[in-house]
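For reference, entry-v8.txt is printed below; it contains compact mmCIF, C-alpha atoms.
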```txt
# COMPACT_ATOMS: atom_id res chain seq x y z
CA MET A 58 -28.00 24.62 -2.78
CA LYS A 59 -25.45 24.71 0.04
CA ALA A 60 -27.67 22.43 2.13
CA TRP A 61 -27.95 20.01 -0.79
CA ARG A 62 -24.19 19.92 -1.30
CA THR A 63 -23.63 19.30 2.40
CA LEU A 64 -26.15 16.48 2.35
CA ARG A 65 -24.52 15.00 -0.75
CA ARG A 66 -21.17 15.09 1.04
CA ARG A 67 -22.58 13.31 4.08
CA VAL A 68 -24.37 10.67 2.04
CA LEU A 69 -21.49 9.93 -0.33
CA THR A 70 -18.49 10.15 2.02
CA PRO A 71 -17.48 6.97 3.89
CA ASP A 72 -17.07 7.15 7.66
CA VAL A 73 -13.49 7.97 8.67
CA SER A 74 -13.67 5.21 11.30
CA GLN A 75 -13.40 2.71 8.45
CA THR A 76 -9.77 3.79 7.98
CA LEU A 77 -8.73 3.06 11.58
CA MET A 78 -6.35 0.11 11.83
CA SER A 79 -8.24 -1.23 14.82
CA VAL A 80 -11.43 -1.32 12.77
CA ARG A 81 -9.70 -2.89 9.78
CA GLY A 82 -7.88 -5.40 11.97
CA PHE A 83 -4.52 -4.50 10.43
CA HIS A 84 -1.20 -5.25 12.07
CA VAL A 85 0.29 -2.40 14.10
CA LYS A 86 4.08 -2.27 13.98
CA ASP A 87 4.44 0.85 16.08
CA GLN A 88 2.61 4.06 16.92
CA ALA A 89 4.37 6.06 14.20
CA GLY A 90 3.29 3.57 11.57
CA ARG A 91 -0.26 3.59 12.86
CA GLU A 92 -0.45 7.37 12.74
CA ARG A 93 1.01 7.53 9.23
CA LEU A 94 -1.40 5.00 7.75
CA GLU A 95 -4.42 6.40 9.54
CA ASN A 96 -3.49 9.87 8.31
CA VAL A 97 -3.39 8.50 4.77
CA GLY A 98 -6.96 7.29 5.21
CA ARG A 99 -8.06 10.49 6.90
CA TYR A 100 -6.73 12.73 4.14
CA PHE A 101 -8.03 10.43 1.43
CA LEU A 102 -11.49 11.03 2.88
CA THR A 103 -10.77 14.75 3.21
CA GLY A 104 -10.26 14.83 -0.53
CA TYR A 105 -13.25 12.62 -1.15
CA ALA A 106 -15.51 14.87 0.90
CA ALA A 107 -14.22 18.02 -0.80
CA ALA A 108 -15.00 16.66 -4.26
CA ALA A 109 -18.34 15.21 -3.16
CA GLU A 110 -19.54 18.62 -1.97
CA ALA A 111 -17.87 21.04 -4.38
CA ARG A 112 -19.81 22.63 -7.18
CA THR A 113 -16.75 22.55 -9.43
CA ALA A 114 -13.35 20.90 -9.53
CA ALA A 115 -11.74 24.32 -9.06
CA GLU A 116 -13.72 24.79 -5.87
CA ALA A 117 -12.52 21.43 -4.56
CA GLU A 118 -8.90 22.44 -5.18
CA VAL A 119 -8.95 24.91 -2.29
CA PRO A 120 -9.15 22.30 0.50
CA LEU A 121 -7.09 19.82 -1.51
CA GLU A 122 -4.17 22.22 -1.86
CA ALA A 123 -4.30 22.93 1.87
CA VAL A 124 -3.35 19.32 2.71
CA ALA A 125 0.26 18.87 3.80
CA ALA A 126 2.70 17.57 1.18
CA PRO A 127 3.10 14.02 2.54
CA TYR A 128 -0.65 13.42 2.23
CA ARG A 129 -1.85 15.72 -0.55
CA GLY A 130 -1.60 13.05 -3.21
CA PHE A 131 -3.90 10.82 -1.17
CA ALA A 132 -6.39 13.68 -0.91
CA TYR A 133 -6.42 13.99 -4.71
CA GLU A 134 -6.86 10.22 -4.93
CA GLY A 135 -9.94 10.50 -2.74
CA ALA A 136 -11.20 13.45 -4.77
CA ALA A 137 -10.90 11.40 -7.95
CA MET A 138 -12.88 8.58 -6.38
CA ALA A 139 -15.70 10.94 -5.38
CA SER A 140 -15.61 12.58 -8.80
CA ALA A 141 -15.89 9.20 -10.53
CA VAL A 142 -18.80 8.20 -8.32
CA ARG A 143 -20.58 11.46 -9.18
CA ASP A 144 -19.93 10.88 -12.87
CA ALA A 145 -21.59 7.47 -12.63
CA LEU A 146 -24.66 8.62 -10.69
CA PRO A 147 -27.85 9.78 -12.42
CA GLY A 148 -27.16 13.10 -14.08
CA GLY A 149 -23.54 12.16 -14.62
CA GLY A 150 -21.12 14.95 -15.32
CA ARG A 151 -17.50 15.61 -16.18
CA HIS A 152 -16.11 15.67 -12.67
CA VAL A 153 -13.02 13.50 -13.22
CA ARG A 154 -12.32 15.21 -16.53
CA ASP A 155 -12.55 18.62 -14.86
CA LEU A 156 -10.36 17.52 -11.95
CA LEU A 157 -7.64 16.41 -14.36
CA ALA A 158 -7.97 19.63 -16.36
CA GLY A 159 -6.91 21.62 -13.30
CA ARG A 160 -4.35 21.03 -10.58
CA GLY A 161 -5.37 17.39 -10.50
CA ASP A 162 -3.22 16.90 -13.60
CA ARG A 163 -0.14 16.97 -11.37
CA HIS A 164 -1.66 14.04 -9.48
CA VAL A 165 -2.81 12.11 -12.54
CA TYR A 166 -1.34 8.81 -11.33
CA MET A 167 -3.17 9.04 -8.01
CA ALA A 168 -6.32 10.23 -9.76
CA TYR A 169 -6.50 7.14 -11.97
CA VAL A 170 -6.00 4.98 -8.89
CA GLY A 171 -8.88 6.86 -7.24
CA VAL A 172 -11.11 6.04 -10.21
CA GLY A 173 -10.32 2.41 -9.43
CA TRP A 174 -11.67 2.85 -5.91
CA ALA A 175 -14.91 4.08 -7.46
CA MET A 176 -14.97 1.05 -9.75
CA ALA A 177 -14.90 -1.19 -6.69
CA ARG A 178 -17.92 0.58 -5.23
CA LEU A 179 -20.02 0.88 -8.41
CA PRO A 180 -22.18 -1.80 -10.07
CA ARG A 181 -20.47 -3.30 -13.10
CA PRO A 182 -22.99 -1.85 -15.59
CA LEU A 183 -21.79 1.63 -14.58
CA TRP A 184 -18.11 0.95 -15.24
CA GLY A 185 -18.52 2.24 -18.77
CA ARG A 186 -19.04 5.73 -17.33
CA LEU A 187 -15.61 5.83 -15.73
CA HIS A 188 -13.32 8.46 -17.23
CA ALA A 189 -9.84 7.02 -17.81
CA PRO A 190 -8.91 7.86 -21.41
CA ASP A 191 -5.11 7.57 -21.29
CA PRO A 192 -4.26 4.15 -22.84
CA LEU A 193 -1.14 3.86 -20.67
CA LEU A 194 -2.29 5.17 -17.31
CA ARG A 195 -5.80 3.71 -17.45
CA TRP A 196 -4.35 0.43 -16.15
CA LEU A 197 -3.78 2.22 -12.85
CA VAL A 198 -7.55 2.09 -12.38
CA LEU A 199 -7.10 -1.64 -11.80
CA ASP A 200 -4.35 -0.95 -9.27
CA GLY A 201 -6.88 1.16 -7.38
CA TYR A 202 -9.49 -1.58 -7.64
CA GLY A 203 -7.05 -4.16 -6.28
CA PHE A 204 -6.02 -1.90 -3.41
CA HIS A 205 -9.65 -1.31 -2.44
CA GLN A 206 -10.48 -5.01 -2.46
CA ALA A 207 -7.44 -5.99 -0.42
CA TYR A 208 -8.01 -3.12 2.03
CA PHE A 209 -11.69 -3.79 2.65
CA LYS A 210 -11.88 -7.51 1.85
CA THR A 211 -8.57 -8.52 3.38
CA SER A 212 -9.57 -12.04 4.39
CA ARG A 213 -10.44 -12.89 0.80
CA TYR A 214 -7.82 -11.03 -1.22
CA VAL A 215 -4.81 -11.14 1.11
CA ASP A 216 -5.33 -14.00 3.54
CA GLY A 217 -7.19 -16.13 0.98
CA GLN A 218 -5.06 -15.03 -2.00
CA TYR A 219 -8.15 -14.66 -4.20
CA ARG A 220 -7.37 -13.79 -7.81
CA HIS A 221 -9.46 -12.70 -10.77
CA ASP A 222 -8.56 -15.08 -13.59
CA ARG A 223 -10.17 -12.86 -16.21
CA PHE A 224 -11.23 -9.30 -15.47
CA PRO A 225 -13.96 -7.64 -17.58
CA TRP A 226 -12.35 -4.17 -17.76
CA PRO A 227 -11.06 -2.60 -19.90
CA VAL A 228 -13.47 -4.13 -22.38
CA GLU A 229 -10.80 -4.39 -25.06
CA GLY A 230 -8.68 -6.48 -22.68
CA PRO A 231 -6.55 -8.44 -22.44
CA ALA A 232 -8.61 -9.83 -19.55
CA ASP A 233 -5.86 -12.13 -18.31
CA TYR A 234 -3.40 -9.26 -17.97
CA ALA A 235 -5.84 -7.13 -15.99
CA ALA A 236 -5.54 -9.57 -13.08
CA ARG A 237 -1.83 -8.78 -12.87
CA VAL A 238 -2.44 -5.07 -12.42
CA VAL A 239 -5.08 -5.85 -9.79
CA ASP A 240 -2.32 -7.79 -8.02
CA GLN A 241 -0.14 -4.68 -8.05
CA GLY A 242 -2.90 -2.98 -6.08
CA VAL A 243 -3.17 -5.95 -3.74
CA GLY A 244 0.56 -5.75 -3.10
CA ARG A 245 0.31 -2.04 -2.41
CA ALA A 246 -2.52 -2.59 0.06
CA THR A 247 -0.56 -5.35 1.78
CA TRP A 248 1.91 -2.69 2.91
CA PHE A 249 -1.02 -1.13 4.79
CA VAL A 250 -2.51 -4.44 5.96
CA CYS A 251 0.86 -5.39 7.44
CA GLY A 252 1.26 -2.01 9.12
CA THR A 253 4.43 -1.13 7.09
CA ASP A 254 6.16 -4.13 8.70
CA ALA A 255 8.53 -5.35 5.97
CA ARG A 256 9.03 -8.78 7.48
CA ARG A 257 5.30 -9.35 7.70
CA VAL A 258 4.91 -8.20 4.08
CA VAL A 259 7.47 -10.75 2.88
CA GLN A 260 5.86 -13.51 4.94
CA THR A 261 2.49 -12.62 3.42
CA PHE A 262 3.79 -12.64 -0.15
CA ASP A 263 5.43 -16.02 0.44
CA ARG A 264 1.95 -17.49 0.78
CA PHE A 265 0.99 -16.36 -2.72
CA ALA A 266 1.78 -18.34 -5.85
CA ALA A 267 5.27 -17.52 -7.13
CA ASP A 268 3.99 -16.16 -10.45
CA ARG A 269 2.05 -13.47 -8.60
CA ARG A 270 4.94 -12.17 -6.53
CA PRO A 271 6.53 -9.83 -9.10
CA ASP A 272 3.34 -7.76 -9.26
CA LEU A 273 2.84 -7.92 -5.49
CA TYR A 274 6.38 -6.72 -4.81
CA ALA A 275 5.96 -3.92 -7.35
CA GLY A 276 2.92 -2.75 -5.41
CA ALA A 277 4.74 -2.96 -2.10
CA GLY A 278 7.65 -0.95 -3.49
CA LEU A 279 5.23 1.73 -4.61
CA ALA A 280 3.54 1.92 -1.21
CA ALA A 281 6.76 1.79 0.80
CA THR A 282 8.10 4.71 -1.22
CA TYR A 283 5.02 6.87 -1.67
CA ALA A 284 3.33 6.35 1.72
CA GLY A 285 6.44 5.50 3.73
CA GLY A 286 6.46 3.97 7.18
CA ALA A 287 9.81 2.14 7.19
CA GLY A 288 13.27 3.48 7.90
CA ALA A 289 16.51 2.86 6.03
CA GLN A 290 17.47 -0.29 7.92
CA GLU A 291 14.09 -1.94 7.37
CA LEU A 292 13.96 -0.96 3.70
CA THR A 293 17.43 -2.41 3.20
CA TRP A 294 16.24 -5.65 4.74
CA LEU A 295 13.18 -5.63 2.46
CA ARG A 296 15.30 -5.09 -0.64
CA ASP A 297 17.59 -7.98 0.28
CA ALA A 298 14.73 -10.26 1.34
CA ALA A 299 12.93 -9.65 -1.95
CA GLY A 300 15.70 -11.61 -3.68
CA PRO A 301 14.63 -12.26 -7.29
CA TYR A 302 11.86 -9.67 -6.93
CA ALA A 303 14.15 -6.78 -5.97
CA ALA A 304 13.87 -5.25 -9.45
CA ASP A 305 10.07 -5.44 -9.22
CA LEU A 306 10.29 -3.67 -5.85
CA ALA A 307 12.44 -1.00 -7.51
CA GLN A 308 10.01 -0.65 -10.40
CA GLY A 309 7.20 0.11 -7.97
CA ALA A 310 9.40 2.53 -6.04
CA ALA A 311 10.20 4.34 -9.30
CA PHE A 312 6.47 4.64 -10.04
CA ALA A 313 6.04 6.30 -6.66
CA ALA A 314 8.96 8.61 -7.38
CA GLY A 315 7.38 9.60 -10.68
CA ALA A 316 4.10 10.43 -8.98
CA ARG A 317 5.81 12.47 -6.24
CA VAL A 318 8.06 14.39 -8.62
CA ARG A 319 5.25 15.22 -11.05
CA ALA A 320 3.17 16.58 -8.18
CA GLY A 321 6.09 18.51 -6.66
CA LEU A 322 5.57 16.68 -3.37
CA VAL A 323 8.87 14.94 -2.71
CA VAL A 324 9.39 14.49 1.04
CA PRO A 325 12.32 12.98 3.00
CA HIS A 326 10.97 9.43 3.25
CA ASN A 327 10.71 9.29 -0.57
CA GLU A 328 14.43 10.00 -0.85
CA VAL A 329 15.30 7.33 1.70
CA ALA A 330 13.20 4.73 -0.11
CA THR A 331 14.39 5.41 -3.65
CA ARG A 332 18.05 5.50 -2.66
CA ILE A 333 17.71 2.07 -1.07
CA LEU A 334 15.21 0.34 -3.37
CA CYS A 335 16.31 1.96 -6.65
CA GLY A 336 19.85 3.01 -5.81
CA LEU A 337 18.96 6.52 -6.99
CA PRO A 338 17.70 9.85 -5.61
CA THR A 339 13.98 10.36 -6.10
CA GLN A 340 14.37 12.75 -9.03
CA ALA A 341 16.62 10.29 -10.87
CA ALA A 342 14.31 7.35 -10.15
CA ALA A 343 11.42 9.34 -11.59
CA ALA A 344 13.52 10.10 -14.67
CA VAL A 345 13.85 6.36 -15.30
CA THR A 346 10.07 6.13 -15.66
CA ASP A 347 10.02 9.11 -18.01
CA GLU A 348 12.81 7.74 -20.18
CA ALA A 349 11.02 4.39 -20.38
CA ARG A 350 8.05 6.17 -21.99
CA ILE A 351 10.06 7.32 -25.01
CA ASP A 352 8.75 5.62 -28.19
CA LEU A 353 6.57 3.43 -25.98
CA ALA A 354 4.10 1.13 -27.73
CA ALA A 355 2.37 -2.18 -27.19
CA VAL A 356 4.29 -5.24 -28.37
CA GLY A 357 1.95 -7.75 -29.94
CA ALA A 358 -0.58 -8.77 -27.30
CA THR A 359 1.48 -7.21 -24.51
CA PRO A 360 -0.22 -3.99 -23.31
CA VAL A 361 1.76 -0.78 -23.44
CA TYR A 362 1.57 -0.52 -19.64
CA GLU A 363 3.38 -3.85 -19.27
CA VAL A 364 6.01 -2.80 -21.79
CA TRP A 365 6.57 0.32 -19.68
CA ARG A 366 6.91 -1.71 -16.49
CA ARG A 367 9.35 -4.14 -18.12
CA ARG A 368 11.56 -1.32 -19.36
CA ILE A 369 11.74 0.19 -15.89
CA LYS A 370 12.35 -3.17 -14.24
CA SER A 371 15.06 -4.00 -16.76
CA THR A 372 16.90 -0.78 -15.91
CA PHE A 373 17.09 -1.69 -12.25
CA ALA A 374 17.86 -5.35 -12.90
CA SER A 375 20.81 -4.26 -15.02
CA THR A 376 21.99 -1.88 -12.31
CA ARG A 377 21.96 -4.66 -9.70
CA ARG A 378 23.99 -6.96 -11.96
CA ALA A 379 26.58 -4.28 -12.73
```

What would you get if you wrote out this structure as structure tokens?
Amino acid sequence: MKAWRTLRRRVLTPDVSQTLMSVRGFHVKDQAGRERLENVGRYFLTGYAAAAEARTAAEAEVPLEAVAAPYRGFAYEGAAMASAVRDALPGGGRHVRDLLAGRGDRHVYMAYVGVGWAMARLPRPLWGRLHAPDPLLRWLVLDGYGFHQAYFKTSRYVDGQYRHDRFPWPVEGPADYAARVVDQGVGRATWFVCGTDARRVVQTFDRFAADRRPDLYAGAGLAATYAGGAGAQELTWLRDAAGPYAADLAQGAAFAAGARVRAGLVVPHNEVATRILCGLPTQAAAAVTDEARIDLAAVGATPVYEVWRRRIKSTFASTRRA
């Protein structure tokens, strides 16, 4: 059985070379940025490999919990991707469900994003096997899908600004809104594609249609806060350069704060980012996302996830006007 699990790990786990910036052709701002982003990819695959080989989710937790705090969330994201792939393969299983029933619950935001990575790799007929039951957080699956596509199909999704007009998941729709959440993932990936270079990110977003930029900036704010890679001066420039999208940037940063606080993995670069992009310490920025969930419900055809985002954005827009 051990030999079979090892083989399964080797067959299912992508090659770590695919996360190197030189292989991806991504912009390199500096050596520190390169190392940070390549470590993100490396630990994502560490988590993926652990879940691909483990007999149980509890067994996978041992190597996942050993990952350093700045990167542990990415490891759980990778583990969720592998778990979702295993769920969709012949024989199926409850791998994502079991992951979320254990310590993965603290990383639920990253886990749903990881399911989105699996979606991007699986044939569409298998999407119905994906486990993402939370009606609010399930939209993060599309963030993960968008990130994957922009990361691995950069020329089409970033350089070519490709957009899904109507997306077939979730089946109950609305299909036109799904494309917006995919764009959040594209914006998040652009932070990686541009090597955490804020000026390059803004230049890239300027080439997209204006109606797409709020979601793109929200994704960039999430990545800049959760993954890091820019110091206080550069983040201040990004906030100011975002102009009318500064509140979207803050909304994404608050999402990242919520994910870090829930997981108990707040690190110094999170504090720097939230204080500049949100005007709040990380714990307080996370509290904004929690407060916005009180009595949360869909409004007409507007999905509950979008209502949540609007509440958070409104909080920061009001703060900037005050």

Residue with the minimum atom-to-atom distance to Pro192 in chain A, picked from A:Pro147, A:Pro227, A:Gly98, A:Gly130 with all atoms listed in the file counted, is A:Pro227

Kindly provide the residues of range 252-304 of chain A that approach range 209-217 of chain A to within 10 Å, each paired with its closest atom pair and their distance in Å to one decimal, based on all atoms listed in the file, listed by chain and increasing number, as CSV.
```
residue,atom,partner,partner_atom,distance
A:Thr261,CA,A:Val215,CA,7.8
A:Phe262,CA,A:Val215,CA,8.8
A:Arg264,CA,A:Asp216,CA,8.5
A:Phe265,CA,A:Val215,CA,8.7
```

Selection: 7 Å around range 284-299 of chain A, all atoms listed in the file, excl. self and same-chain fewer than 4 positions, as an MDAnalysis selection string: chainID A and resid 90 93 253 255 280 303 326 329:330 333:334

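Distance check against Val238 in chain A using only C-alpha atoms: of A:Val250, A:Ala145, A:Leu197, A:Ala106, the minimum falls on A:Leu197.
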
Atom pair CA of Ser140 in chain A / CA of His188 in chain A: separation (Å): 9.7 Å

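Considering the residues A:Ala342, A:Ala207, A:Val198, A:Ala320 and counting only C-alpha atoms, Arg81 in chain A has its shortest atom-to-atom contact with A:Ala207.
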
Hey, can you pull every residue with an atom no more than 7 Å from (-11.6, 4.4, -9.6), using all atoms listed in the file, and send it as an mmCIF file with C-alpha atoms, in the coordinates of the input?
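The result, written out as part34.cif:
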```cif
data_model
loop_
_atom_site.group_PDB
_atom_site.id
_atom_site.type_symbol
_atom_site.label_atom_id
_atom_site.label_comp_id
_atom_site.auth_asym_id
_atom_site.auth_seq_id
_atom_site.Cartn_x
_atom_site.Cartn_y
_atom_site.Cartn_z
ATOM 1 C CA MET A 138 -12.880 8.580 -6.380
ATOM 2 C CA ALA A 141 -15.890 9.200 -10.530
ATOM 3 C CA TYR A 169 -6.500 7.140 -11.970
ATOM 4 C CA VAL A 170 -6.000 4.980 -8.890
ATOM 5 C CA GLY A 171 -8.880 6.860 -7.240
ATOM 6 C CA VAL A 172 -11.110 6.040 -10.210
ATOM 7 C CA GLY A 173 -10.320 2.410 -9.430
ATOM 8 C CA TRP A 174 -11.670 2.850 -5.910
ATOM 9 C CA ALA A 175 -14.910 4.080 -7.460
ATOM 10 C CA MET A 176 -14.970 1.050 -9.750
ATOM 11 C CA VAL A 198 -7.550 2.090 -12.380
ATOM 12 C CA GLY A 201 -6.880 1.160 -7.380
ATOM 13 C CA TYR A 202 -9.490 -1.580 -7.640
#
```

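Here CA of Leu322 in chain A is placed at a distance of 5.5 Å from CA of Ala126 in chain A.
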
Proximity to Leu179 in chain A - best of A:Glu122, A:Asp162, A:Glu363, A:Asp144, only C-alpha atoms: A:Asp144

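When all atoms listed in the file are used to measure the gap to Gly357 in chain A, the shortest distance among A:Thr76, A:Leu187, A:Ala374, A:Pro231 belongs to A:Pro231.
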
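Separating CA of Ala307 in chain A from CA of Arg368 in chain A is a distance of 11.9 Å.
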
At a cut-off of 12 Å from (9.3, -2.1, -9.5) in the coordinates of the file, what residues are picked up using all atoms listed in the file, written as a PDB file with C-alpha atoms, in the coordinates of the input?
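As a result, selection_28.pdb now contains:
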```pdb
ATOM      1  CA  GLN A 241      -0.140  -4.680  -8.050  1.00  0.00           C
ATOM      2  CA  GLY A 244       0.560  -5.750  -3.100  1.00  0.00           C
ATOM      3  CA  ARG A 245       0.310  -2.040  -2.410  1.00  0.00           C
ATOM      4  CA  ARG A 270       4.940 -12.170  -6.530  1.00  0.00           C
ATOM      5  CA  PRO A 271       6.530  -9.830  -9.100  1.00  0.00           C
ATOM      6  CA  ASP A 272       3.340  -7.760  -9.260  1.00  0.00           C
ATOM      7  CA  LEU A 273       2.840  -7.920  -5.490  1.00  0.00           C
ATOM      8  CA  TYR A 274       6.380  -6.720  -4.810  1.00  0.00           C
ATOM      9  CA  ALA A 275       5.960  -3.920  -7.350  1.00  0.00           C
ATOM     10  CA  GLY A 276       2.920  -2.750  -5.410  1.00  0.00           C
ATOM     11  CA  ALA A 277       4.740  -2.960  -2.100  1.00  0.00           C
ATOM     12  CA  GLY A 278       7.650  -0.950  -3.490  1.00  0.00           C
ATOM     13  CA  LEU A 279       5.230   1.730  -4.610  1.00  0.00           C
ATOM     14  CA  ALA A 280       3.540   1.920  -1.210  1.00  0.00           C
ATOM     15  CA  ALA A 281       6.760   1.790   0.800  1.00  0.00           C
ATOM     16  CA  THR A 282       8.100   4.710  -1.220  1.00  0.00           C
ATOM     17  CA  ARG A 296      15.300  -5.090  -0.640  1.00  0.00           C
ATOM     18  CA  ALA A 299      12.930  -9.650  -1.950  1.00  0.00           C
ATOM     19  CA  PRO A 301      14.630 -12.260  -7.290  1.00  0.00           C
ATOM     20  CA  TYR A 302      11.860  -9.670  -6.930  1.00  0.00           C
ATOM     21  CA  ALA A 303      14.150  -6.780  -5.970  1.00  0.00           C
ATOM     22  CA  ALA A 304      13.870  -5.250  -9.450  1.00  0.00           C
ATOM     23  CA  ASP A 305      10.070  -5.440  -9.220  1.00  0.00           C
ATOM     24  CA  LEU A 306      10.290  -3.670  -5.850  1.00  0.00           C
ATOM     25  CA  ALA A 307      12.440  -1.000  -7.510  1.00  0.00           C
ATOM     26  CA  GLN A 308      10.010  -0.650 -10.400  1.00  0.00           C
ATOM     27  CA  GLY A 309       7.200   0.110  -7.970  1.00  0.00           C
ATOM     28  CA  ALA A 310       9.400   2.530  -6.040  1.00  0.00           C
ATOM     29  CA  ALA A 311      10.200   4.340  -9.300  1.00  0.00           C
ATOM     30  CA  PHE A 312       6.470   4.640 -10.040  1.00  0.00           C
ATOM     31  CA  ALA A 313       6.040   6.300  -6.660  1.00  0.00           C
ATOM     32  CA  ALA A 314       8.960   8.610  -7.380  1.00  0.00           C
ATOM     33  CA  GLY A 315       7.380   9.600 -10.680  1.00  0.00           C
ATOM     34  CA  THR A 331      14.390   5.410  -3.650  1.00  0.00           C
ATOM     35  CA  LEU A 334      15.210   0.340  -3.370  1.00  0.00           C
ATOM     36  CA  CYS A 335      16.310   1.960  -6.650  1.00  0.00           C
ATOM     37  CA  ALA A 342      14.310   7.350 -10.150  1.00  0.00           C
ATOM     38  CA  ALA A 343      11.420   9.340 -11.590  1.00  0.00           C
ATOM     39  CA  VAL A 345      13.850   6.360 -15.300  1.00  0.00           C
ATOM     40  CA  THR A 346      10.070   6.130 -15.660  1.00  0.00           C
ATOM     41  CA  GLU A 363       3.380  -3.850 -19.270  1.00  0.00           C
ATOM     42  CA  TRP A 365       6.570   0.320 -19.680  1.00  0.00           C
ATOM     43  CA  ARG A 366       6.910  -1.710 -16.490  1.00  0.00           C
ATOM     44  CA  ARG A 367       9.350  -4.140 -18.120  1.00  0.00           C
ATOM     45  CA  ARG A 368      11.560  -1.320 -19.360  1.00  0.00           C
ATOM     46  CA  ILE A 369      11.740   0.190 -15.890  1.00  0.00           C
ATOM     47  CA  LYS A 370      12.350  -3.170 -14.240  1.00  0.00           C
ATOM     48  CA  SER A 371      15.060  -4.000 -16.760  1.00  0.00           C
ATOM     49  CA  THR A 372      16.900  -0.780 -15.910  1.00  0.00           C
ATOM     50  CA  PHE A 373      17.090  -1.690 -12.250  1.00  0.00           C
ATOM     51  CA  ALA A 374      17.860  -5.350 -12.900  1.00  0.00           C
TER      52      ALA A 374
END
```
